[in-house]
Amino acid sequence: MRAVLAFARCRGLHRAAGVALLVALAATAFSAQRVAVPQFRYLVDFSVPVAEVVPLAHAVVLATTLFSPMADLEETAAQPMSRHRAAYLAVLLALAAGLTALPLLTGATAEVFGAAARNVVGYLGLGMLSARLFGSGLAWLLPLAVFGPTLLLGVAADNTPEPWAWSLHTASSTPAAVVAVLLWLTGAAAAATGRPRQTERAERR
């Protein structure tokens, strides 16, 4: 158990979890509010609950913990670290799911929670993939690169989400859920098998 705690502590999980918890509590306080989705192509009136947008922040914050300052030592460990990394990714997913459930305490519906849980799974996958490709300091890059176009271009003229805008769909959308799960599996595979690192600049210091 001590080794598990050390594994998490060296990645700063306690600090990231604290930040994510504060964001989740803020989302819980405003769970009844909705976020207007600005659209550049059509004059539509589309909005989503705050609780469905906040998972983006959870994913980005938690993905930054994929870096280990002891990465060089981990590479020389007697036991394969990929197994520990895989378990750690499962912990991150469970933590993210728990944070998205907090708005249920203030009246958020099961439908909202379902969409929020799907979104945190998908964006966490993108965050893990981004951390693996560009370094944990840029874990936000891919999630925001996807969320930006979704926010500005993701609603069709009939005031419904575009098929590709998976994070705007309702919880009952099976294609959106499949996309989110595939993103998480891809990101998890990349993070579990790759060497944990920060940005390239940080590695040279």
# chains A, B, ... in the order shown; residues from 1 in each chain; ligands from 1

$ residues_around --residues "A:Ala63" --least-positions-apart "4" --cutoff "6 Å" --atoms "only C-alpha atoms" --output "PyMOL selection string"
chain A and resi 59+127-128+139

$ select_by_dssp --residues "stretch 29-200 of chain A" --states "strand (DSSP E or B)" --output "list in words"
Arg34, Val35, Ala36, Ser47, Val48, Pro49, Val155 and Pro161 of chain A

$ write_last_selection --atoms "N, CA and C atoms" --output "short mmCIF file (atom, residue, chain, number, x, y, z; two decimals), in the first residue's frame"
data_model
loop_
_atom_site.label_atom_id
_atom_site.label_comp_id
_atom_site.auth_asym_id
_atom_site.auth_seq_id
_atom_site.Cartn_x
_atom_site.Cartn_y
_atom_site.Cartn_z
N ARG A 34 -27.09 26.55 -16.99
CA ARG A 34 -26.74 26.01 -18.30
C ARG A 34 -25.76 26.94 -18.99
N VAL A 35 -24.92 26.36 -19.84
CA VAL A 35 -23.92 27.12 -20.58
C VAL A 35 -24.38 27.25 -22.02
N ALA A 36 -24.54 28.49 -22.47
CA ALA A 36 -24.94 28.72 -23.86
C ALA A 36 -23.79 28.33 -24.78
N SER A 47 -27.92 25.08 -25.51
CA SER A 47 -27.16 25.16 -24.27
C SER A 47 -27.04 23.78 -23.64
N VAL A 48 -26.06 23.63 -22.76
CA VAL A 48 -25.85 22.37 -22.05
C VAL A 48 -25.66 22.69 -20.57
N PRO A 49 -26.02 21.76 -19.69
CA PRO A 49 -25.81 21.99 -18.25
C PRO A 49 -24.33 22.18 -17.91
N VAL A 155 -23.24 22.54 -33.47
CA VAL A 155 -24.71 22.49 -33.51
C VAL A 155 -25.19 22.77 -34.93
N PRO A 161 -27.16 18.67 -32.00
CA PRO A 161 -25.71 18.50 -32.15
C PRO A 161 -25.34 17.79 -33.45
#

$ residues_around --residues "A:Ala101" --least-positions-apart "3" --cutoff "8 Å" --atoms "only C-alpha atoms" --output "PyMOL selection string"
chain A and resi 97-98+104-105+113+117

$ write_last_selection --atoms "all heavy atoms" --output "short mmCIF file (atom, residue, chain, number, x, y, z; two decimals), in the first residue's frame"
data_model
loop_
_atom_site.label_atom_id
_atom_site.label_comp_id
_atom_site.auth_asym_id
_atom_site.auth_seq_id
_atom_site.Cartn_x
_atom_site.Cartn_y
_atom_site.Cartn_z
N ALA A 97 -14.82 9.99 -12.49
CA ALA A 97 -16.24 9.63 -12.46
C ALA A 97 -16.89 10.07 -11.16
O ALA A 97 -18.03 10.55 -11.14
CB ALA A 97 -16.40 8.13 -12.67
N GLY A 98 -16.16 9.91 -10.06
CA GLY A 98 -16.69 10.35 -8.76
C GLY A 98 -16.92 11.85 -8.71
O GLY A 98 -17.92 12.32 -8.16
N LEU A 104 -25.03 15.53 -8.59
CA LEU A 104 -26.25 14.78 -8.26
C LEU A 104 -26.76 15.17 -6.88
O LEU A 104 -27.97 15.07 -6.59
CB LEU A 104 -25.98 13.28 -8.31
CG LEU A 104 -25.76 12.66 -9.69
CD1 LEU A 104 -25.32 11.20 -9.55
CD2 LEU A 104 -27.02 12.73 -10.53
N LEU A 105 -25.85 15.62 -6.01
CA LEU A 105 -26.24 15.99 -4.65
C LEU A 105 -27.11 17.24 -4.62
O LEU A 105 -27.84 17.45 -3.64
CB LEU A 105 -24.98 16.22 -3.80
CG LEU A 105 -24.03 15.02 -3.66
CD1 LEU A 105 -22.80 15.43 -2.86
CD2 LEU A 105 -24.74 13.85 -2.99
N PHE A 113 -25.84 13.43 -15.42
CA PHE A 113 -24.69 12.68 -14.93
C PHE A 113 -24.16 11.73 -15.99
O PHE A 113 -22.95 11.58 -16.16
CB PHE A 113 -25.04 11.90 -13.67
CG PHE A 113 -24.00 10.90 -13.28
CD1 PHE A 113 -22.74 11.32 -12.84
CD2 PHE A 113 -24.24 9.54 -13.38
CE1 PHE A 113 -21.76 10.40 -12.50
CE2 PHE A 113 -23.27 8.61 -13.03
CZ PHE A 113 -22.03 9.04 -12.59
N ALA A 117 -20.43 11.91 -17.28
CA ALA A 117 -19.52 10.78 -17.12
C ALA A 117 -18.92 10.38 -18.47
O ALA A 117 -17.73 10.09 -18.58
CB ALA A 117 -20.26 9.60 -16.49
#

$ residues_around --residues "A:Ala190" --least-positions-apart "6" --cutoff "12 Å" --atoms "only C-alpha atoms" --output "ChimeraX atom specification"
/A:66,82,85-86,89,125-135,183-184,196

$ atom_distance --atom1 "atom CA of A:Val23" --atom2 "atom CA of A:Tyr88"
21.5 Å

$ residues_around --residues "A:Ala116" --least-positions-apart "5" --cutoff "10 Å" --atoms "only C-alpha atoms" --output "ChimeraX atom specification"
/A:49-56,97,99-101,103,110-111,121-122,167-168,170-171

$ closest_residue --among "A:Leu43, A:Ala57, A:Ala108, A:Val120" --to "A:Ala29" --atoms "only C-alpha atoms"
A:Ala108

$ atom_distance --atom1 "atom CA of A:Leu21" --atom2 "atom CA of A:Thr64"
15.0 Å

$ atom_distance --atom1 "atom CA of A:Val146" --atom2 "atom CA of A:Leu22"
24.0 Å

$ select_by_dssp --residues "stretch 15-173 of chain A" --states "helix (DSSP H, G or I)" --output "ChimeraX atom specification"
/A:15-29,50-53,55-66,71-75,81-106,110-134,136-138,141-153,166-168

$ write_last_selection --atoms "C-alpha atoms" --output "compact mmCIF listing (two decimals), in the first residue's frame"
# COMPACT_ATOMS: atom_id res chain seq x y z
CA ARG A 15 -2.70 18.33 -5.56
CA ALA A 16 -4.48 17.64 -8.83
CA ALA A 17 -7.34 15.90 -7.02
CA GLY A 18 -7.69 18.93 -4.73
CA VAL A 19 -7.94 21.30 -7.68
CA ALA A 20 -10.41 19.03 -9.48
CA LEU A 21 -12.48 18.77 -6.30
CA LEU A 22 -12.74 22.56 -6.04
CA VAL A 23 -13.90 22.70 -9.66
CA ALA A 24 -16.42 19.93 -8.98
CA LEU A 25 -17.77 21.74 -5.93
CA ALA A 26 -18.20 24.91 -7.98
CA ALA A 27 -20.04 22.91 -10.62
CA THR A 28 -22.20 21.41 -7.90
CA ALA A 29 -23.13 24.86 -6.63
CA VAL A 50 -22.71 23.22 -16.45
CA ALA A 51 -22.11 19.69 -15.15
CA GLU A 52 -21.62 18.44 -18.73
CA VAL A 53 -18.90 21.01 -19.49
CA PRO A 55 -15.55 17.25 -17.09
CA LEU A 56 -13.19 18.93 -19.53
CA ALA A 57 -11.47 20.62 -16.58
CA HIS A 58 -11.34 17.37 -14.59
CA ALA A 59 -9.75 15.55 -17.51
CA VAL A 60 -7.10 18.19 -18.12
CA VAL A 61 -6.14 18.53 -14.45
CA LEU A 62 -5.91 14.79 -13.83
CA ALA A 63 -4.00 14.13 -17.06
CA THR A 64 -1.19 16.39 -15.84
CA THR A 65 -0.40 13.76 -13.17
CA LEU A 66 0.87 11.31 -15.76
CA ALA A 71 10.73 8.33 -14.56
CA ASP A 72 14.38 7.35 -15.00
CA LEU A 73 14.30 5.26 -11.83
CA GLU A 74 11.00 3.68 -12.83
CA GLU A 75 12.57 2.52 -16.08
CA MET A 81 5.90 -0.40 -14.56
CA SER A 82 3.29 -0.70 -17.29
CA ARG A 83 1.13 -2.72 -14.90
CA HIS A 84 1.33 -0.01 -12.25
CA ARG A 85 0.60 2.68 -14.81
CA ALA A 86 -2.45 0.80 -16.01
CA ALA A 87 -3.75 0.53 -12.44
CA TYR A 88 -3.06 4.23 -11.94
CA LEU A 89 -5.11 5.08 -15.03
CA ALA A 90 -8.01 3.09 -13.61
CA VAL A 91 -7.71 5.14 -10.41
CA LEU A 92 -7.80 8.37 -12.44
CA LEU A 93 -10.93 7.20 -14.24
CA ALA A 94 -12.66 6.28 -10.98
CA LEU A 95 -11.71 9.62 -9.44
CA ALA A 96 -12.95 11.54 -12.48
CA ALA A 97 -16.24 9.63 -12.46
CA GLY A 98 -16.69 10.35 -8.76
CA LEU A 99 -16.15 14.06 -9.32
CA THR A 100 -18.75 14.16 -12.08
CA ALA A 101 -21.27 12.56 -9.70
CA LEU A 102 -21.14 15.40 -7.15
CA PRO A 103 -23.76 17.57 -8.93
CA LEU A 104 -26.25 14.78 -8.26
CA LEU A 105 -26.24 15.99 -4.65
CA THR A 106 -27.82 19.29 -5.67
CA ALA A 110 -29.27 10.99 -14.03
CA GLU A 111 -29.36 12.10 -17.68
CA VAL A 112 -26.97 14.96 -16.93
CA PHE A 113 -24.69 12.68 -14.93
CA GLY A 114 -24.63 10.14 -17.75
CA ALA A 115 -23.55 12.76 -20.28
CA ALA A 116 -20.99 14.21 -17.85
CA ALA A 117 -19.52 10.78 -17.12
CA ARG A 118 -19.25 10.05 -20.86
CA ASN A 119 -17.57 13.40 -21.45
CA VAL A 120 -15.02 12.95 -18.69
CA VAL A 121 -14.15 9.51 -20.09
CA GLY A 122 -13.62 10.90 -23.59
CA TYR A 123 -11.74 14.02 -22.59
CA LEU A 124 -9.58 12.11 -20.12
CA GLY A 125 -8.63 9.82 -22.99
CA LEU A 126 -7.68 12.84 -25.08
CA GLY A 127 -5.74 14.28 -22.15
CA MET A 128 -3.78 11.06 -21.69
CA LEU A 129 -3.02 10.89 -25.40
CA SER A 130 -1.94 14.52 -25.39
CA ALA A 131 0.30 13.95 -22.37
CA ARG A 132 1.90 10.98 -24.08
CA LEU A 133 2.50 12.81 -27.38
CA PHE A 134 3.42 16.29 -26.15
CA SER A 136 2.05 16.23 -19.38
CA GLY A 137 2.52 20.00 -19.38
CA LEU A 138 0.49 20.02 -22.61
CA LEU A 141 -3.84 20.56 -25.89
CA LEU A 142 -5.93 17.81 -27.48
CA PRO A 143 -8.98 18.22 -25.18
CA LEU A 144 -9.19 21.93 -25.95
CA ALA A 145 -8.43 21.34 -29.64
CA VAL A 146 -11.53 19.13 -29.76
CA PHE A 147 -13.71 21.18 -27.40
CA GLY A 148 -13.14 24.47 -29.24
CA PRO A 149 -14.58 23.41 -32.61
CA THR A 150 -17.33 21.50 -30.79
CA LEU A 151 -18.34 24.63 -28.91
CA LEU A 152 -18.31 26.88 -31.98
CA LEU A 153 -19.38 24.54 -34.78
CA TRP A 166 -20.07 13.71 -29.35
CA SER A 167 -19.75 15.70 -26.11
CA LEU A 168 -22.91 17.72 -26.86
